[in-house]
file input.txt (compact mmCIF, N, CA and C atoms and all ligand atoms)
# COMPACT_ATOMS: atom_id res chain seq x y z
N GLN A 1 88.31 98.89 78.94
CA GLN A 1 87.54 100.13 79.14
C GLN A 1 88.25 101.03 80.18
N VAL A 2 88.58 102.26 79.77
CA VAL A 2 89.18 103.19 80.74
C VAL A 2 88.09 103.67 81.69
N GLU A 3 88.34 103.50 82.98
CA GLU A 3 87.36 103.85 84.01
C GLU A 3 88.04 104.72 85.06
N GLU A 4 87.20 105.20 85.99
CA GLU A 4 87.70 105.96 87.12
C GLU A 4 87.14 105.32 88.39
N THR A 5 87.96 105.21 89.41
CA THR A 5 87.45 104.71 90.69
C THR A 5 87.78 105.68 91.81
N TYR A 6 86.92 105.68 92.81
CA TYR A 6 87.11 106.54 93.97
C TYR A 6 87.71 105.72 95.09
N ILE A 7 88.90 106.12 95.50
CA ILE A 7 89.60 105.43 96.59
C ILE A 7 89.69 106.40 97.76
N MET A 8 89.30 105.93 98.93
CA MET A 8 89.40 106.78 100.12
C MET A 8 90.17 106.03 101.20
N VAL A 9 91.27 106.65 101.65
CA VAL A 9 91.95 106.12 102.83
C VAL A 9 91.17 106.64 104.03
N LYS A 10 90.61 105.72 104.80
CA LYS A 10 89.71 106.08 105.90
C LYS A 10 90.51 106.61 107.10
N PRO A 11 89.82 107.20 108.09
CA PRO A 11 90.54 107.83 109.20
C PRO A 11 91.57 106.93 109.89
N ASP A 12 91.27 105.63 110.03
CA ASP A 12 92.27 104.75 110.69
C ASP A 12 93.52 104.60 109.83
N GLY A 13 93.35 104.60 108.49
CA GLY A 13 94.50 104.47 107.58
C GLY A 13 95.37 105.72 107.61
N VAL A 14 94.72 106.89 107.66
CA VAL A 14 95.48 108.15 107.71
C VAL A 14 96.21 108.24 109.05
N GLN A 15 95.48 107.93 110.11
CA GLN A 15 96.05 108.05 111.46
C GLN A 15 97.23 107.09 111.65
N ARG A 16 97.17 105.93 111.02
CA ARG A 16 98.25 104.95 111.17
C ARG A 16 99.39 105.15 110.17
N GLY A 17 99.29 106.20 109.36
CA GLY A 17 100.40 106.51 108.45
C GLY A 17 100.52 105.58 107.27
N LEU A 18 99.36 105.14 106.74
CA LEU A 18 99.37 104.16 105.64
C LEU A 18 99.13 104.78 104.26
N VAL A 19 99.03 106.11 104.21
CA VAL A 19 98.69 106.76 102.93
C VAL A 19 99.74 106.48 101.85
N GLY A 20 101.01 106.66 102.20
CA GLY A 20 102.09 106.45 101.23
C GLY A 20 102.12 105.02 100.69
N GLU A 21 102.00 104.07 101.60
CA GLU A 21 101.99 102.65 101.24
C GLU A 21 100.84 102.34 100.27
N ILE A 22 99.68 102.91 100.55
CA ILE A 22 98.50 102.64 99.71
C ILE A 22 98.65 103.28 98.33
N ILE A 23 99.10 104.54 98.29
CA ILE A 23 99.33 105.19 97.00
C ILE A 23 100.34 104.39 96.18
N SER A 24 101.38 103.94 96.86
CA SER A 24 102.44 103.21 96.20
C SER A 24 101.92 101.94 95.51
N ARG A 25 100.99 101.24 96.17
CA ARG A 25 100.46 100.00 95.58
C ARG A 25 99.70 100.28 94.27
N PHE A 26 98.93 101.38 94.26
CA PHE A 26 98.20 101.72 93.03
C PHE A 26 99.15 102.22 91.94
N GLU A 27 100.17 102.98 92.35
CA GLU A 27 101.15 103.46 91.36
C GLU A 27 101.91 102.30 90.74
N LYS A 28 102.36 101.38 91.59
CA LYS A 28 103.16 100.25 91.10
C LYS A 28 102.34 99.37 90.16
N LYS A 29 101.04 99.27 90.42
CA LYS A 29 100.17 98.47 89.56
C LYS A 29 100.04 99.13 88.18
N GLY A 30 100.28 100.45 88.11
CA GLY A 30 100.27 101.15 86.83
C GLY A 30 99.08 102.06 86.60
N PHE A 31 98.29 102.27 87.64
CA PHE A 31 97.14 103.17 87.47
C PHE A 31 97.57 104.63 87.56
N LYS A 32 96.70 105.49 87.05
CA LYS A 32 97.04 106.91 86.95
C LYS A 32 96.27 107.71 88.00
N LEU A 33 97.02 108.44 88.83
CA LEU A 33 96.40 109.28 89.86
C LEU A 33 95.88 110.57 89.23
N LYS A 34 94.57 110.81 89.35
CA LYS A 34 93.95 111.97 88.69
C LYS A 34 93.65 113.10 89.67
N ALA A 35 93.41 112.76 90.94
CA ALA A 35 93.09 113.79 91.94
C ALA A 35 93.35 113.21 93.31
N LEU A 36 93.73 114.10 94.23
CA LEU A 36 94.00 113.66 95.61
C LEU A 36 93.71 114.80 96.57
N LYS A 37 93.08 114.48 97.69
CA LYS A 37 92.75 115.53 98.65
C LYS A 37 92.66 114.96 100.06
N LEU A 38 93.29 115.66 101.00
CA LEU A 38 93.14 115.33 102.43
C LEU A 38 92.09 116.25 103.01
N PHE A 39 91.07 115.72 103.64
CA PHE A 39 90.06 116.59 104.24
C PHE A 39 89.28 115.86 105.32
N GLN A 40 88.66 116.64 106.16
CA GLN A 40 87.76 116.10 107.18
C GLN A 40 86.40 115.91 106.50
N CYS A 41 85.92 114.68 106.43
CA CYS A 41 84.69 114.40 105.69
C CYS A 41 83.48 114.98 106.43
N PRO A 42 82.74 115.92 105.80
CA PRO A 42 81.54 116.45 106.44
C PRO A 42 80.49 115.35 106.54
N LYS A 43 79.65 115.44 107.58
CA LYS A 43 78.63 114.41 107.81
C LYS A 43 77.73 114.22 106.58
N GLU A 44 77.35 115.34 105.93
CA GLU A 44 76.45 115.24 104.76
C GLU A 44 77.09 114.42 103.63
N LEU A 45 78.41 114.62 103.46
CA LEU A 45 79.09 113.87 102.39
C LEU A 45 79.17 112.38 102.75
N ALA A 46 79.44 112.08 104.01
CA ALA A 46 79.50 110.68 104.46
C ALA A 46 78.14 110.01 104.24
N GLU A 47 77.07 110.73 104.56
CA GLU A 47 75.72 110.18 104.41
C GLU A 47 75.35 109.97 102.94
N GLU A 48 75.77 110.91 102.10
CA GLU A 48 75.53 110.80 100.67
C GLU A 48 76.34 109.63 100.09
N HIS A 49 77.58 109.55 100.51
CA HIS A 49 78.48 108.50 100.02
C HIS A 49 77.94 107.10 100.36
N TYR A 50 77.43 106.95 101.59
CA TYR A 50 76.96 105.63 102.06
C TYR A 50 75.44 105.53 102.08
N LYS A 51 74.76 106.27 101.20
CA LYS A 51 73.29 106.32 101.28
C LYS A 51 72.63 104.95 101.05
N ASP A 52 73.27 104.06 100.30
CA ASP A 52 72.71 102.73 100.06
C ASP A 52 72.74 101.84 101.31
N LEU A 53 73.50 102.25 102.31
CA LEU A 53 73.66 101.42 103.52
C LEU A 53 72.84 101.95 104.70
N LYS A 54 72.01 102.94 104.42
CA LYS A 54 71.26 103.62 105.47
C LYS A 54 70.46 102.67 106.38
N ALA A 55 69.94 101.59 105.81
CA ALA A 55 69.09 100.67 106.58
C ALA A 55 69.91 99.69 107.44
N LYS A 56 71.22 99.63 107.23
CA LYS A 56 72.05 98.65 107.94
C LYS A 56 72.23 99.05 109.41
N SER A 57 72.34 98.02 110.25
CA SER A 57 72.49 98.28 111.68
C SER A 57 73.80 99.02 111.99
N PHE A 58 74.83 98.79 111.18
CA PHE A 58 76.13 99.41 111.46
C PHE A 58 76.25 100.83 110.88
N TYR A 59 75.20 101.31 110.20
CA TYR A 59 75.27 102.60 109.50
C TYR A 59 75.67 103.78 110.42
N PRO A 60 75.02 103.94 111.59
CA PRO A 60 75.42 105.08 112.45
C PRO A 60 76.90 105.00 112.87
N LYS A 61 77.36 103.79 113.17
CA LYS A 61 78.76 103.59 113.55
C LYS A 61 79.69 103.92 112.39
N LEU A 62 79.25 103.56 111.19
CA LEU A 62 80.03 103.80 109.98
C LEU A 62 80.18 105.31 109.74
N ILE A 63 79.09 106.05 109.89
CA ILE A 63 79.14 107.52 109.68
C ILE A 63 80.04 108.17 110.74
N ASP A 64 79.92 107.74 112.01
CA ASP A 64 80.79 108.27 113.08
C ASP A 64 82.26 108.02 112.75
N TYR A 65 82.53 106.83 112.29
CA TYR A 65 83.92 106.43 111.97
C TYR A 65 84.48 107.27 110.83
N ILE A 66 83.73 107.39 109.74
CA ILE A 66 84.23 108.10 108.56
C ILE A 66 84.45 109.59 108.84
N THR A 67 83.67 110.14 109.77
CA THR A 67 83.79 111.57 110.08
C THR A 67 84.70 111.81 111.29
N SER A 68 85.37 110.76 111.79
CA SER A 68 86.11 110.88 113.05
C SER A 68 87.50 111.52 112.89
N GLY A 69 87.97 111.68 111.67
CA GLY A 69 89.30 112.25 111.43
C GLY A 69 89.49 112.43 109.95
N PRO A 70 90.61 113.05 109.55
CA PRO A 70 90.82 113.31 108.12
C PRO A 70 90.89 112.02 107.29
N VAL A 71 90.39 112.12 106.07
CA VAL A 71 90.49 111.03 105.09
C VAL A 71 91.30 111.54 103.90
N VAL A 72 91.84 110.63 103.11
CA VAL A 72 92.49 111.01 101.85
C VAL A 72 91.68 110.40 100.71
N SER A 73 91.10 111.27 99.89
CA SER A 73 90.30 110.82 98.75
C SER A 73 91.11 110.92 97.48
N MET A 74 90.96 109.93 96.63
CA MET A 74 91.70 109.91 95.38
C MET A 74 90.83 109.44 94.24
N ALA A 75 91.10 109.95 93.05
CA ALA A 75 90.52 109.41 91.83
C ALA A 75 91.65 108.74 91.07
N TRP A 76 91.46 107.46 90.76
CA TRP A 76 92.45 106.70 89.98
C TRP A 76 91.83 106.27 88.66
N GLU A 77 92.61 106.36 87.61
CA GLU A 77 92.12 106.03 86.27
C GLU A 77 92.91 104.87 85.66
N GLY A 78 92.21 104.07 84.87
CA GLY A 78 92.90 103.00 84.16
C GLY A 78 91.91 102.02 83.55
N VAL A 79 92.42 101.13 82.72
CA VAL A 79 91.58 100.09 82.14
C VAL A 79 91.22 99.10 83.25
N GLY A 80 89.92 98.91 83.45
CA GLY A 80 89.46 97.94 84.46
C GLY A 80 89.83 98.31 85.88
N VAL A 81 90.05 99.59 86.13
CA VAL A 81 90.58 99.99 87.46
C VAL A 81 89.60 99.70 88.60
N VAL A 82 88.30 99.70 88.32
CA VAL A 82 87.33 99.50 89.41
C VAL A 82 87.47 98.10 90.01
N ALA A 83 87.40 97.08 89.15
CA ALA A 83 87.51 95.70 89.65
C ALA A 83 88.92 95.40 90.15
N SER A 84 89.91 95.94 89.46
CA SER A 84 91.29 95.69 89.85
C SER A 84 91.58 96.28 91.24
N ALA A 85 91.06 97.49 91.48
CA ALA A 85 91.26 98.13 92.79
C ALA A 85 90.60 97.30 93.89
N ARG A 86 89.42 96.75 93.61
CA ARG A 86 88.75 95.91 94.62
C ARG A 86 89.60 94.69 94.95
N LYS A 87 90.29 94.15 93.94
CA LYS A 87 91.18 93.01 94.20
C LYS A 87 92.39 93.43 95.02
N LEU A 88 92.96 94.58 94.68
CA LEU A 88 94.12 95.07 95.45
C LEU A 88 93.72 95.33 96.89
N ILE A 89 92.47 95.79 97.10
CA ILE A 89 92.00 96.16 98.43
C ILE A 89 91.69 94.92 99.28
N GLY A 90 91.04 93.92 98.70
CA GLY A 90 90.70 92.70 99.45
C GLY A 90 89.34 92.77 100.12
N SER A 91 88.97 91.68 100.77
CA SER A 91 87.64 91.56 101.38
C SER A 91 87.37 92.65 102.42
N THR A 92 86.08 92.98 102.56
CA THR A 92 85.65 94.03 103.49
C THR A 92 86.12 93.76 104.92
N ASP A 93 85.98 92.51 105.33
CA ASP A 93 86.37 92.14 106.69
C ASP A 93 87.88 91.88 106.74
N PRO A 94 88.61 92.68 107.52
CA PRO A 94 90.07 92.53 107.58
C PRO A 94 90.53 91.11 107.91
N LEU A 95 89.73 90.39 108.68
CA LEU A 95 90.12 89.02 109.05
C LEU A 95 89.97 88.05 107.89
N GLN A 96 89.08 88.36 106.95
CA GLN A 96 88.86 87.50 105.78
C GLN A 96 89.77 87.88 104.62
N ALA A 97 90.30 89.10 104.62
CA ALA A 97 91.09 89.60 103.48
C ALA A 97 92.38 88.79 103.33
N GLU A 98 92.68 88.40 102.11
CA GLU A 98 93.86 87.59 101.82
C GLU A 98 95.15 88.38 102.03
N PRO A 99 96.18 87.72 102.54
CA PRO A 99 97.51 88.33 102.57
C PRO A 99 97.89 88.77 101.15
N GLY A 100 98.57 89.90 101.03
CA GLY A 100 98.90 90.42 99.71
C GLY A 100 97.96 91.54 99.31
N THR A 101 96.76 91.55 99.89
CA THR A 101 95.84 92.66 99.65
C THR A 101 96.09 93.76 100.68
N ILE A 102 95.58 94.95 100.39
CA ILE A 102 95.79 96.09 101.30
C ILE A 102 95.18 95.78 102.67
N ARG A 103 93.91 95.34 102.68
CA ARG A 103 93.30 95.03 103.97
C ARG A 103 93.92 93.79 104.61
N GLY A 104 94.28 92.81 103.79
CA GLY A 104 94.90 91.60 104.32
C GLY A 104 96.23 91.88 104.99
N ASP A 105 96.98 92.82 104.42
CA ASP A 105 98.31 93.13 104.97
C ASP A 105 98.26 94.20 106.06
N LEU A 106 97.32 95.15 105.93
CA LEU A 106 97.43 96.37 106.75
C LEU A 106 96.29 96.62 107.72
N ALA A 107 95.15 95.94 107.52
CA ALA A 107 94.00 96.25 108.38
C ALA A 107 93.96 95.30 109.57
N VAL A 108 93.58 95.84 110.71
CA VAL A 108 93.50 95.04 111.93
C VAL A 108 92.08 94.98 112.44
N GLN A 109 91.79 93.96 113.19
CA GLN A 109 90.49 93.83 113.84
C GLN A 109 90.60 94.54 115.18
N THR A 110 89.70 95.50 115.43
CA THR A 110 89.85 96.29 116.66
C THR A 110 88.86 95.91 117.74
N GLY A 111 87.98 94.99 117.46
CA GLY A 111 87.01 94.55 118.46
C GLY A 111 86.15 93.48 117.84
N SER A 112 85.40 92.75 118.61
CA SER A 112 84.59 91.69 118.03
C SER A 112 83.52 92.32 117.14
N LYS A 113 83.25 91.70 116.01
CA LYS A 113 82.26 92.18 115.03
C LYS A 113 82.51 93.61 114.57
N GLN A 114 83.77 94.03 114.66
CA GLN A 114 84.11 95.40 114.28
C GLN A 114 84.77 95.37 112.91
N ILE A 115 83.99 95.52 111.82
CA ILE A 115 84.66 95.54 110.52
C ILE A 115 84.54 96.89 109.83
N CYS A 116 84.06 97.89 110.56
CA CYS A 116 84.04 99.25 110.01
C CYS A 116 85.45 99.71 109.68
N ARG A 117 86.36 99.50 110.61
CA ARG A 117 87.72 100.04 110.46
C ARG A 117 88.56 99.16 109.56
N ASN A 118 88.38 99.36 108.26
CA ASN A 118 89.10 98.52 107.32
C ASN A 118 89.99 99.33 106.37
N VAL A 119 90.45 100.51 106.85
CA VAL A 119 91.54 101.28 106.24
C VAL A 119 91.23 102.01 104.94
N ILE A 120 90.40 101.42 104.09
CA ILE A 120 90.27 101.96 102.73
C ILE A 120 88.91 101.63 102.14
N HIS A 121 88.43 102.51 101.26
CA HIS A 121 87.22 102.26 100.48
C HIS A 121 87.57 102.31 99.00
N GLY A 122 86.93 101.45 98.21
CA GLY A 122 87.04 101.53 96.75
C GLY A 122 85.67 101.34 96.13
N SER A 123 85.37 102.08 95.08
CA SER A 123 84.07 101.99 94.42
C SER A 123 83.78 100.57 93.97
N ASP A 124 82.48 100.18 93.99
CA ASP A 124 82.14 98.80 93.62
C ASP A 124 81.67 98.64 92.18
N SER A 125 81.53 99.75 91.44
CA SER A 125 81.15 99.67 90.02
C SER A 125 81.63 100.93 89.31
N PRO A 126 81.79 100.87 87.99
CA PRO A 126 82.19 102.06 87.24
C PRO A 126 81.22 103.23 87.45
N ASP A 127 79.92 102.93 87.53
CA ASP A 127 78.94 104.00 87.78
C ASP A 127 79.16 104.65 89.14
N ASN A 128 79.37 103.82 90.15
CA ASN A 128 79.64 104.36 91.48
C ASN A 128 80.98 105.10 91.52
N GLY A 129 81.94 104.64 90.73
CA GLY A 129 83.22 105.34 90.63
C GLY A 129 83.01 106.78 90.19
N LYS A 130 82.25 106.94 89.12
CA LYS A 130 81.94 108.27 88.61
C LYS A 130 81.17 109.10 89.64
N ARG A 131 80.16 108.45 90.24
CA ARG A 131 79.30 109.13 91.21
C ARG A 131 80.11 109.61 92.42
N GLU A 132 80.96 108.73 92.95
CA GLU A 132 81.68 109.05 94.18
C GLU A 132 82.79 110.08 93.92
N VAL A 133 83.47 109.98 92.79
CA VAL A 133 84.49 110.98 92.46
C VAL A 133 83.81 112.34 92.29
N GLY A 134 82.70 112.37 91.56
CA GLY A 134 81.98 113.62 91.29
C GLY A 134 81.44 114.26 92.56
N MET A 135 80.88 113.43 93.41
CA MET A 135 80.30 113.90 94.67
C MET A 135 81.33 114.62 95.52
N THR A 136 82.51 114.01 95.65
CA THR A 136 83.56 114.60 96.48
C THR A 136 84.10 115.87 95.83
N ALA A 137 84.28 115.84 94.52
CA ALA A 137 84.80 117.02 93.81
C ALA A 137 83.85 118.20 93.98
N ASN A 138 82.54 117.92 93.99
CA ASN A 138 81.55 118.99 94.12
C ASN A 138 81.54 119.61 95.51
N ILE A 139 81.69 118.77 96.51
CA ILE A 139 81.52 119.26 97.89
C ILE A 139 82.82 119.85 98.43
N ILE A 140 83.95 119.26 98.06
CA ILE A 140 85.24 119.70 98.57
C ILE A 140 85.96 120.52 97.51
N GLU A 141 86.39 121.70 97.87
CA GLU A 141 87.16 122.52 96.91
C GLU A 141 88.65 122.32 97.14
P1 LIG A 201 83.41 100.01 102.43
O1 LIG A 201 84.08 99.23 101.39
O2 LIG A 201 83.76 101.45 102.57
O3 LIG A 201 81.82 99.89 102.26
C1 LIG A 201 80.93 100.03 103.34
C2 LIG A 201 81.61 100.02 104.68
O4 LIG A 201 80.76 99.66 105.76
C3 LIG A 201 82.69 98.95 104.69
O5 LIG A 201 83.75 99.31 103.87
C4 LIG A 201 82.96 98.84 106.18
O6 LIG A 201 83.75 99.92 106.63
C5 LIG A 201 81.55 98.97 106.72
N1 LIG A 201 80.89 97.67 106.93
C6 LIG A 201 80.46 96.83 106.00
N2 LIG A 201 79.86 95.75 106.54
C7 LIG A 201 79.90 95.93 107.87
C8 LIG A 201 79.47 95.18 108.98
N3 LIG A 201 78.81 94.00 108.82
N4 LIG A 201 79.67 95.67 110.20
C9 LIG A 201 80.29 96.84 110.34
N5 LIG A 201 80.74 97.62 109.33
C10 LIG A 201 80.56 97.17 108.11
call {"tool": "encode", "arguments": {"input": "input.txt", "output": "structure tokens"}}
result
Amino acid sequence: QVEETYIMVKPDGVQRGLVGEIISRFEKKGFKLKALKLFQCPKELAEEHYKDLKAKSFYPKLIDYITSGPVVSMAWEGVGVVASARKLIGSTDPLQAEPGTIRGDLAVQTGSKQICRNVIHGSDSPDNGKREVGMTANIIE
């Protein structure tokens, strides 16, 4: 099934100069880049993007982090790209992420219980892929 996924290099990834490396991994895997944009994420978009996590204790920290500097948002297309991208990205917690994955190779732990800063986001389902790509396209010109 040809799908679309929303990939966002988070502020720590952009600041650390990891954008090229991350794009390269998706290109080498064979996925198709459909859209790309560097922008400062407005608070409303961050809140809309993470609306399912509103009740979590780390939510305010997450919104501060995502809006703290420019992000690079991308739409990638391919057969099974949503699940495949999650595998390329690795576990949410950089310390748990396997070597060979983006977070396993590139994400660092910056403080105890600090797993917000994990370099990259990828959609968790084809429906969310569509929703997140559409949301960003609508808000950012
Ligand atoms: P992401 O894949 O973008 O989805 C939600 C984000 O919330 C996640 O990456 C992390 O940046 C952050 N996150 C998830 N769980 C925790 C947690 N337990 N503590 C802090 N931040 C978290």
call {"tool": "atom_distance", "arguments": {"input": "input.txt", "atom1": "atom N of A:Glu98", "atom2": "atom CA of A:Asn118"}}
result
11.9 Å
call {"tool": "residues_around", "arguments": {"input": "input.txt", "residues": "stretch 31-38 of chain A", "least_positions_apart": "4", "cutoff": "6.5 Å", "atoms": "only N, CA and C atoms", "output": "list of chain:residue names"}}
result
A:Phe26, A:Glu27, A:Pro70, A:Val71, A:Val72, A:Ser73, A:Met74, A:Ala75, A:Trp76, A:Glu77, A:Gly78
call {"tool": "closest_residue", "arguments": {"input": "input.txt", "among": "A:Thr101, A:Asn128, A:Thr110, A:Ser91", "to": "ligand LIG 201 (chain A)", "atoms": "only N, CA and C atoms and all ligand atoms"}}
result
A:Ser91
call {"tool": "residues_around", "arguments": {"input": "input.txt", "residues": "A:Ile66", "least_positions_apart": "4", "cutoff": "8 Å", "atoms": "all atoms listed in the file", "output": "list in words"}}
result
Lys10, Pro11, Asp12, Gln40, Cys41, Pro42, Lys43, Ala46, Pro60, Lys61, Leu62, Pro70, Val71 and Cys116 of chain A
call {"tool": "write_last_selection", "arguments": {"input": "input.txt", "atoms": "N, CA and C atoms", "output": "PDB file, in the coordinates of the input"}}
result
ATOM      1  N   LYS A  10      90.610 105.720 104.800  1.00  0.00           N
ATOM      2  CA  LYS A  10      89.710 106.080 105.900  1.00  0.00           C
ATOM      3  C   LYS A  10      90.510 106.610 107.100  1.00  0.00           C
ATOM      4  N   PRO A  11      89.820 107.200 108.090  1.00  0.00           N
ATOM      5  CA  PRO A  11      90.540 107.830 109.200  1.00  0.00           C
ATOM      6  C   PRO A  11      91.570 106.930 109.890  1.00  0.00           C
ATOM      7  N   ASP A  12      91.270 105.630 110.030  1.00  0.00           N
ATOM      8  CA  ASP A  12      92.270 104.750 110.690  1.00  0.00           C
ATOM      9  C   ASP A  12      93.520 104.600 109.830  1.00  0.00           C
ATOM     10  N   GLN A  40      88.660 116.640 106.160  1.00  0.00           N
ATOM     11  CA  GLN A  40      87.760 116.100 107.180  1.00  0.00           C
ATOM     12  C   GLN A  40      86.400 115.910 106.500  1.00  0.00           C
ATOM     13  N   CYS A  41      85.920 114.680 106.430  1.00  0.00           N
ATOM     14  CA  CYS A  41      84.690 114.400 105.690  1.00  0.00           C
ATOM     15  C   CYS A  41      83.480 114.980 106.430  1.00  0.00           C
ATOM     16  N   PRO A  42      82.740 115.920 105.800  1.00  0.00           N
ATOM     17  CA  PRO A  42      81.540 116.450 106.440  1.00  0.00           C
ATOM     18  C   PRO A  42      80.490 115.350 106.540  1.00  0.00           C
ATOM     19  N   LYS A  43      79.650 115.440 107.580  1.00  0.00           N
ATOM     20  CA  LYS A  43      78.630 114.410 107.810  1.00  0.00           C
ATOM     21  C   LYS A  43      77.730 114.220 106.580  1.00  0.00           C
ATOM     22  N   ALA A  46      79.440 112.080 104.010  1.00  0.00           N
ATOM     23  CA  ALA A  46      79.500 110.680 104.460  1.00  0.00           C
ATOM     24  C   ALA A  46      78.140 110.010 104.240  1.00  0.00           C
ATOM     25  N   PRO A  60      75.020 103.940 111.590  1.00  0.00           N
ATOM     26  CA  PRO A  60      75.420 105.080 112.450  1.00  0.00           C
ATOM     27  C   PRO A  60      76.900 105.000 112.870  1.00  0.00           C
ATOM     28  N   LYS A  61      77.360 103.790 113.170  1.00  0.00           N
ATOM     29  CA  LYS A  61      78.760 103.590 113.550  1.00  0.00           C
ATOM     30  C   LYS A  61      79.690 103.920 112.390  1.00  0.00           C
ATOM     31  N   LEU A  62      79.250 103.560 111.190  1.00  0.00           N
ATOM     32  CA  LEU A  62      80.030 103.800 109.980  1.00  0.00           C
ATOM     33  C   LEU A  62      80.180 105.310 109.740  1.00  0.00           C
ATOM     34  N   PRO A  70      90.610 113.050 109.550  1.00  0.00           N
ATOM     35  CA  PRO A  70      90.820 113.310 108.120  1.00  0.00           C
ATOM     36  C   PRO A  70      90.890 112.020 107.290  1.00  0.00           C
ATOM     37  N   VAL A  71      90.390 112.120 106.070  1.00  0.00           N
ATOM     38  CA  VAL A  71      90.490 111.030 105.090  1.00  0.00           C
ATOM     39  C   VAL A  71      91.300 111.540 103.900  1.00  0.00           C
ATOM     40  N   CYS A 116      84.060  97.890 110.560  1.00  0.00           N
ATOM     41  CA  CYS A 116      84.040  99.250 110.010  1.00  0.00           C
ATOM     42  C   CYS A 116      85.450  99.710 109.680  1.00  0.00           C
TER      43      CYS A 116
END
call {"tool": "atom_distance", "arguments": {"input": "input.txt", "atom1": "atom CA of A:Val108", "atom2": "atom CA of A:Gly80"}}
result
27.9 Å
call {"tool": "closest_atom_pairs", "arguments": {"input": "input.txt", "of": "chain A", "to": "ligand LIG 201 (chain A)", "cutoff": "6.5 Å", "atoms": "all atoms listed in the file", "output": "tab-separated table"}}
result
residue	atom	partner	partner_atom	distance
A:Phe58	CA	A:LIG201	C9	5.0
A:Leu62	CA	A:LIG201	O4	6.0
A:Thr92	CA	A:LIG201	O5	5.6
A:Lys113	C	A:LIG201	N4	5.6
A:Gln114	C	A:LIG201	C9	5.4
A:Ile115	C	A:LIG201	N5	3.9
A:Cys116	CA	A:LIG201	O6	3.5
A:Arg117	N	A:LIG201	O6	4.8
A:Asn118	N	A:LIG201	O6	4.9
A:Ile120	C	A:LIG201	O2	5.2
A:His121	CA	A:LIG201	O2	4.1
A:Gly122	N	A:LIG201	O1	4.8
call {"tool": "atom_distance", "arguments": {"input": "input.txt", "atom1": "atom C of A:Gly30", "atom2": "atom C of A:Val81"}}
result
10.0 Å
call {"tool": "closest_residue", "arguments": {"input": "input.txt", "among": "A:Val2, A:Ile63, A:Glu132, A:Ile89", "to": "A:Glu47", "atoms": "all atoms listed in the file"}}
result
A:Ile63
call {"tool": "closest_residue", "arguments": {"input": "input.txt", "among": "A:Ile22, A:Ala107, A:Met135, A:Ile7", "to": "A:Val82", "atoms": "only C-alpha atoms"}}
result
A:Ile7
call {"tool": "select_by_dssp", "arguments": {"input": "input.txt", "residues": "chain A", "states": "alpha helix (DSSP H)", "output": "JSON, numbers by chain"}}
result
{"A": [11, 12, 13, 14, 15, 19, 20, 21, 22, 23, 24, 25, 26, 27, 28, 29, 43, 44, 45, 46, 47, 48, 49, 59, 60, 61, 62, 63, 64, 65, 66, 81, 82, 83, 84, 85, 86, 87, 88, 89, 102, 103, 104, 105, 106, 126, 127, 128, 129, 130, 131, 132, 133, 134, 135, 136, 137, 138, 139]}
call {"tool": "residues_near_point", "arguments": {"input": "input.txt", "point": "(83.6, 101.8, 89.3)", "cutoff": "6 Å", "atoms": "all atoms listed in the file", "output": "ChimeraX atom specification"}}
result
/A:4-5,82,123-130
call {"tool": "select_by_dssp", "arguments": {"input": "input.txt", "residues": "chain A", "states": "strand (DSSP E or B)", "output": "JSON, numbers by chain"}}
result
{"A": [2, 3, 4, 5, 6, 7, 8, 9, 32, 33, 34, 35, 36, 37, 38, 39, 40, 70, 71, 72, 73, 74, 75, 76, 77, 78, 79, 99, 101, 120, 121, 122]}
call {"tool": "axis_aligned_box", "arguments": {"input": "input.txt", "around": "stretch 85-95 of chain A", "padding_each_side": "6 Å", "output": "JSON"}}
result
{"center_x": 89.9, "center_y": 93.1, "center_z": 100.3, "size_x": 20.5, "size_y": 22.1, "size_z": 29.6}
call {"tool": "residues_near_point", "arguments": {"input": "input.txt", "point": "(96.3, 95.1, 93.9)", "cutoff": "8 Å", "atoms": "only N, CA and C atoms", "output": "list in words"}}
result
Arg25, Phe26, Lys29, Ser84, Ala85, Arg86, Lys87, Leu88, Ile89, Gly90, Gly100, Thr101 and Ile102 of chain A
call {"tool": "decode", "arguments": {"input": "input.txt", "residues": "stretch 70-92 of chain A", "atoms": "C-alpha atoms", "output": "PDB file, in the first residue's frame"}}
result
ATOM      1  CA  PRO A  70      13.317  25.655  13.736  1.00  0.00           C
ATOM      2  CA  VAL A  71      12.140  22.194  12.686  1.00  0.00           C
ATOM      3  CA  VAL A  72      12.336  20.497   9.280  1.00  0.00           C
ATOM      4  CA  SER A  73       9.066  18.879   8.236  1.00  0.00           C
ATOM      5  CA  MET A  74       8.892  16.372   5.432  1.00  0.00           C
ATOM      6  CA  ALA A  75       6.340  14.222   3.671  1.00  0.00           C
ATOM      7  CA  TRP A  76       7.744  10.885   2.504  1.00  0.00           C
ATOM      8  CA  GLU A  77       5.877   8.481   0.245  1.00  0.00           C
ATOM      9  CA  GLY A  78       6.255   4.771  -0.370  1.00  0.00           C
ATOM     10  CA  VAL A  79       4.857   1.294   0.118  1.00  0.00           C
ATOM     11  CA  GLY A  80       4.629   0.658   3.860  1.00  0.00           C
ATOM     12  CA  VAL A  81       6.516   3.882   4.572  1.00  0.00           C
ATOM     13  CA  VAL A  82       4.768   4.542   7.910  1.00  0.00           C
ATOM     14  CA  ALA A  83       5.908   1.350   9.660  1.00  0.00           C
ATOM     15  CA  SER A  84       9.236   1.302   7.845  1.00  0.00           C
ATOM     16  CA  ALA A  85      10.020   4.873   8.944  1.00  0.00           C
ATOM     17  CA  ARG A  86       9.244   3.947  12.563  1.00  0.00           C
ATOM     18  CA  LYS A  87      11.791   1.126  12.263  1.00  0.00           C
ATOM     19  CA  LEU A  88      14.410   3.431  10.743  1.00  0.00           C
ATOM     20  CA  ILE A  89      13.747   5.929  13.552  1.00  0.00           C
ATOM     21  CA  GLY A  90      13.917   3.474  16.490  1.00  0.00           C
ATOM     22  CA  SER A  91      12.468   3.559  20.001  1.00  0.00           C
ATOM     23  CA  THR A  92      11.185   6.818  21.495  1.00  0.00           C
TER      24      THR A  92
END
